Amino acid sequence: MVLEMLNPMHYNITSMMPEVMPVATMPILLLTGFLLLVWNYEDTSSIPGPGYCMGIGPLISHCRFLWMGIGSACNYYNKMYGEFMRVWICGEETLIISKSSSMFHVMKHSHYSSRFGSKLGLQCIGMHENGIIFNNNPTLWKAVRPFFTKESAIVVKIQGYFDAWQALLLKPDIFFKISWLYRKYEKSVKDLKDAMEILIEEKRHRISTAEKLEDCMDFATELIFAEKRGDLTKENVNQCILEMLIAAPDTMSVSVFFMLFLIAKHPKVEEAIMKEIQTVVGEREIRIDDMQKLKVVENFIYESMRYQPVVNLVMRKALQDDVIDGYPVKKGTNIILNIGRMHRLEFFPKPNEFTLENFAKNVPYRYFQPFGFGPRSCAGKYIAMVMLKVILVTLLRRFHVQTLQGECIENMQKKHGLSLHPDETGNLLEMVFTPRHSEKCLNTKEG
């Protein structure tokens with residue numbers, strides 16, 4: 001009673017609670033619940049990987065891919081979290097796999113035949129539901145796939161297109177809201193498409209004026225005929241020819257460069273190759289029936305692609321729920337198969353060395369996938385092997401290859417994005433070609 005008299009504001013605080021509490025605490029309770037939900041988001045996934053951490057985890061992982069490049073980021077995360085792990089790209093869950101059994105599962109099944117990438121980025125370079133490399137339209141992809149299984153100014157334009165492809169593939173949508181950020185890439189794409197349009201129109205003219213169609217039958221001709229039948233549009237034809245032009249020569253030229261560098265540093269390998277060439281081919285020109293007999297050359301090509309690959313990543317998307325090696329995979333999950341890392345982890349007796357011993361015995365194809373396999377394996381894998389053998393035999397019969405002193409493939413600066421290329425800003429691309437039957441030297445530069 002005395003206390004109540006001394007306190008002029010003798011209100012019962014509990015009588016005020018029903019009026020004040022809902023207004024003051026409901027937003028706090030909702031915010032706390034939301035933060036707890038977000039904070040514990042990663043607990044819903046049993047797959048190893050960085051934490052979600054209120055959205056910071058996805059932001060950091062995507063930024064790492066943009067900063068380091070796809071290949072380098074994949075190696076970083078596999079090394080840190082294991083051979084089957086999860087990150088986020090563009091806010092979407094993405095698995096990075098370098099385990100052979102998991103790769104075999106993904107490549108084998110048709111519900112992983114789709115690929116992922118920025119829709120706006122693919123639209124910018126003309127690959128969204130077009131061509132074959134990143135075409136996710138199943139009907140159109142199946143229509144154009146068979147054509148790919150058959151077979152200097154523009155080189156600069158090809159390089160510009162390739163740079164645009166690598167730069168735009170994983171960019172977030174907000175990037176495409178600011179036109180000046182990607183304007184130079186649009187110009188590179190347009191330059192190559194314009195050049196291709198001129199060449200394709202010349203091809204159409206030659207077809208229409210040819211006396212015998214047999215004289216001009218090739219990959220482009222069959223695509224043009226498919227357009228006339230209504231199977232493909234003009235845009236489909238142009239994009240397919242463009243993709244064949246950028247994919248095959250670029251990968252082939254860099255592969256040959258890496259192989260020549262490896263030969264220059266391994267004289268015993270060169271000696272074994274030359275001995276086989278002399279036995280199988282001799283002094284005549286190489287023929288198609290020589291291909292199966294060139295086993296040392298073939299093993300050298302395989303070991304080169306294993307030890308120093310050009311393309312060492314495969315990108316896929318899950319089209320339905322699945323389980324891979326005990327891990328649940330939801331429909332729509334992005335998947336990156338880190339083939340290059342897998343080739344240095346499993347099966348091979350000396351995985352971190354360049355040696356033909358790694359292919360002395362037959363290698364089960366699940367452990368060695370330079371071209372991938374399954375529904376979306378490399379369409380040009382058979383012709384690529386023939387071309388590589390012909391190029392190597394032709395060059396090595398005529399020239400002995402050397403690098404400049406102290407240079408080797410291991411200390412070469414490389415760019416590791418969608419594919420692995422030497423950094424052309426340095427001097428490490430210089431090689432010396434010495435004619436085998438002459439003292440003259442040809443000092444040339446490979447690019």
# chains A, B, ... in the order shown; residues from 1 in each chain; ligands from 1
call {"tool": "residues_around", "arguments": {"residues": "Ile324 of chain A", "least_positions_apart": "3", "cutoff": "9 Å", "atoms": "only C-alpha atoms", "output": "ChimeraX atom specification"}}
result
/A:101-102,105-106,327-329
call {"tool": "residues_around", "arguments": {"residues": "segment 406-412 of chain A", "least_positions_apart": "5", "cutoff": "8 Å", "atoms": "only C-alpha atoms", "output": "JSON, numbers by chain"}}
result
{"A": [258, 261, 262, 265, 422, 423, 428]}
call {"tool": "residues_around", "arguments": {"residues": "segment 374-376 of chain A", "least_positions_apart": "4", "cutoff": "7 Å", "atoms": "only C-alpha atoms", "output": "list in words"}}
result
Met107, Lys108, Ser110 and Ser113 of chain A
call {"tool": "write_last_selection", "arguments": {"atoms": "N, CA and C atoms", "output": "PDB file, in the first residue's frame"}}
result
ATOM      1  N   MET A 107      26.620 -39.485 -66.876  1.00  0.00           N
ATOM      2  CA  MET A 107      26.776 -39.528 -68.330  1.00  0.00           C
ATOM      3  C   MET A 107      25.946 -40.633 -68.973  1.00  0.00           C
ATOM      4  N   LYS A 108      25.702 -41.673 -68.221  1.00  0.00           N
ATOM      5  CA  LYS A 108      24.994 -42.840 -68.758  1.00  0.00           C
ATOM      6  C   LYS A 108      23.511 -42.578 -68.972  1.00  0.00           C
ATOM      7  N   SER A 110      19.891 -40.637 -69.596  1.00  0.00           N
ATOM      8  CA  SER A 110      19.372 -39.570 -70.465  1.00  0.00           C
ATOM      9  C   SER A 110      18.760 -38.422 -69.678  1.00  0.00           C
ATOM     10  N   SER A 113      20.844 -35.232 -69.722  1.00  0.00           N
ATOM     11  CA  SER A 113      21.311 -34.807 -71.049  1.00  0.00           C
ATOM     12  C   SER A 113      21.228 -33.294 -71.255  1.00  0.00           C
TER      13      SER A 113
END
call {"tool": "select_by_dssp", "arguments": {"residues": "segment 72-132 of chain A", "states": "alpha helix (DSSP H)", "output": "JSON, numbers by chain"}}
result
{"A": [72, 73, 74, 75, 76, 77, 78, 79, 80, 81, 100, 101, 102, 103, 104, 105, 106, 107, 108, 119, 120, 121, 122, 123, 124, 125]}
call {"tool": "write_last_selection", "arguments": {"atoms": "C-alpha atoms", "output": "compact mmCIF listing (two decimals), in the first residue's frame"}}
result
# COMPACT_ATOMS: atom_id res chain seq x y z
CA SER A 72 40.01 -23.55 -61.20
CA ALA A 73 36.99 -23.05 -58.92
CA CYS A 74 35.92 -26.69 -59.39
CA ASN A 75 39.40 -27.93 -58.43
CA TYR A 76 39.40 -25.61 -55.41
CA TYR A 77 36.07 -26.88 -54.09
CA ASN A 78 36.77 -30.57 -54.79
CA LYS A 79 40.08 -30.28 -52.96
CA MET A 80 38.42 -28.57 -50.00
CA TYR A 81 35.20 -30.59 -49.63
CA SER A 100 34.27 -41.95 -61.43
CA SER A 101 31.22 -43.94 -60.28
CA SER A 102 29.14 -40.76 -59.97
CA MET A 103 30.32 -39.47 -63.36
CA PHE A 104 29.47 -42.79 -64.97
CA HIS A 105 25.94 -42.56 -63.56
CA VAL A 106 25.40 -39.00 -64.82
CA MET A 107 26.78 -39.53 -68.33
CA LYS A 108 24.99 -42.84 -68.76
CA LYS A 119 19.79 -18.07 -70.23
CA LEU A 120 20.49 -14.43 -71.07
CA GLY A 121 24.16 -15.21 -71.68
CA LEU A 122 23.31 -18.09 -74.02
CA GLN A 123 20.77 -15.90 -75.83
CA CYS A 124 23.44 -13.25 -76.29
CA ILE A 125 25.76 -15.69 -78.09
call {"tool": "closest_residue", "arguments": {"among": "A:Thr333, A:Thr394, A:Ser304, A:Asn236", "to": "Leu356 of chain A", "atoms": "only C-alpha atoms"}}
result
A:Ser304
call {"tool": "atom_distance", "arguments": {"atom1": "atom CA of Ile89 of chain A", "atom2": "atom CA of Ile335 of chain A"}}
result
10.3 Å
call {"tool": "residues_around", "arguments": {"residues": "Gly91 of chain A", "least_positions_apart": "2", "cutoff": "8 Å", "atoms": "only C-alpha atoms", "output": "PyMOL selection string"}}
result
chain A and resi 58-59+62+88-89+93
call {"tool": "write_last_selection", "arguments": {"atoms": "N, CA and C atoms", "output": "PDB file, in the first residue's frame"}}
result
ATOM      1  N   PRO A  58      26.069 -18.868 -50.979  1.00  0.00           N
ATOM      2  CA  PRO A  58      25.835 -18.860 -52.428  1.00  0.00           C
ATOM      3  C   PRO A  58      26.490 -17.684 -53.141  1.00  0.00           C
ATOM      4  N   LEU A  59      26.484 -16.514 -52.485  1.00  0.00           N
ATOM      5  CA  LEU A  59      27.095 -15.336 -53.099  1.00  0.00           C
ATOM      6  C   LEU A  59      28.600 -15.528 -53.266  1.00  0.00           C
ATOM      7  N   HIS A  62      29.428 -18.263 -56.018  1.00  0.00           N
ATOM      8  CA  HIS A  62      29.248 -17.769 -57.390  1.00  0.00           C
ATOM      9  C   HIS A  62      30.362 -16.787 -57.753  1.00  0.00           C
ATOM     10  N   TRP A  88      26.776 -23.233 -54.981  1.00  0.00           N
ATOM     11  CA  TRP A  88      25.672 -22.551 -55.663  1.00  0.00           C
ATOM     12  C   TRP A  88      26.239 -21.712 -56.802  1.00  0.00           C
ATOM     13  N   ILE A  89      25.581 -21.745 -57.936  1.00  0.00           N
ATOM     14  CA  ILE A  89      25.906 -20.870 -59.061  1.00  0.00           C
ATOM     15  C   ILE A  89      24.614 -20.194 -59.490  1.00  0.00           C
ATOM     16  N   GLU A  93      21.545 -24.698 -56.659  1.00  0.00           N
ATOM     17  CA  GLU A  93      22.429 -25.743 -56.162  1.00  0.00           C
ATOM     18  C   GLU A  93      23.171 -26.391 -57.324  1.00  0.00           C
TER      19      GLU A  93
END
call {"tool": "residues_around", "arguments": {"residues": "Tyr185 of chain A", "least_positions_apart": "2", "cutoff": "8 Å", "atoms": "only C-alpha atoms", "output": "ChimeraX atom specification"}}
result
/A:160-161,163-164,182-183,187-189
call {"tool": "closest_residue", "arguments": {"among": "A:Ile70, A:Val310, A:Val87, A:Glu201", "to": "Ile56 of chain A", "atoms": "only C-alpha atoms"}}
result
A:Val87
call {"tool": "atom_distance", "arguments": {"atom1": "atom CA of Ile286 of chain A", "atom2": "atom CA of Leu388 of chain A"}}
result
12.4 Å
call {"tool": "closest_residue", "arguments": {"among": "A:Ile178, A:Asp322, A:Gly417, A:Met291", "to": "Tyr382 of chain A", "atoms": "only C-alpha atoms"}}
result
A:Met291
call {"tool": "residues_around", "arguments": {"residues": "Glu346 of chain A", "least_positions_apart": "2", "cutoff": "10 Å", "atoms": "only C-alpha atoms", "output": "ChimeraX atom specification"}}
result
/A:98-100,341-344,348-351,367-368
call {"tool": "atom_distance", "arguments": {"atom1": "atom CA of Asn352 of chain A", "atom2": "atom CA of Ile339 of chain A"}}
result
14.5 Å
call {"tool": "decode", "arguments": {"residues": "segment 372-385 of chain A", "atoms": "C-alpha atoms", "output": "PDB file, in the first residue's frame"}}
result
ATOM      1  CA  GLY A 372      32.587 -38.039 -72.281  1.00  0.00           C
ATOM      2  CA  PHE A 373      30.095 -40.734 -73.203  1.00  0.00           C
ATOM      3  CA  GLY A 374      26.369 -41.336 -73.290  1.00  0.00           C
ATOM      4  CA  PRO A 375      23.685 -39.209 -74.975  1.00  0.00           C
ATOM      5  CA  ARG A 376      25.718 -35.979 -74.949  1.00  0.00           C
ATOM      6  CA  SER A 377      29.247 -37.224 -75.508  1.00  0.00           C
ATOM      7  CA  CYS A 378      31.480 -35.256 -77.871  1.00  0.00           C
ATOM      8  CA  ALA A 379      30.000 -35.569 -81.352  1.00  0.00           C
ATOM      9  CA  GLY A 380      33.395 -35.272 -83.018  1.00  0.00           C
ATOM     10  CA  LYS A 381      35.361 -37.766 -80.908  1.00  0.00           C
ATOM     11  CA  TYR A 382      36.010 -40.286 -83.690  1.00  0.00           C
ATOM     12  CA  ILE A 383      37.102 -37.793 -86.311  1.00  0.00           C
ATOM     13  CA  ALA A 384      39.182 -35.997 -83.644  1.00  0.00           C
ATOM     14  CA  MET A 385      41.276 -39.108 -83.000  1.00  0.00           C
TER      15      MET A 385
END
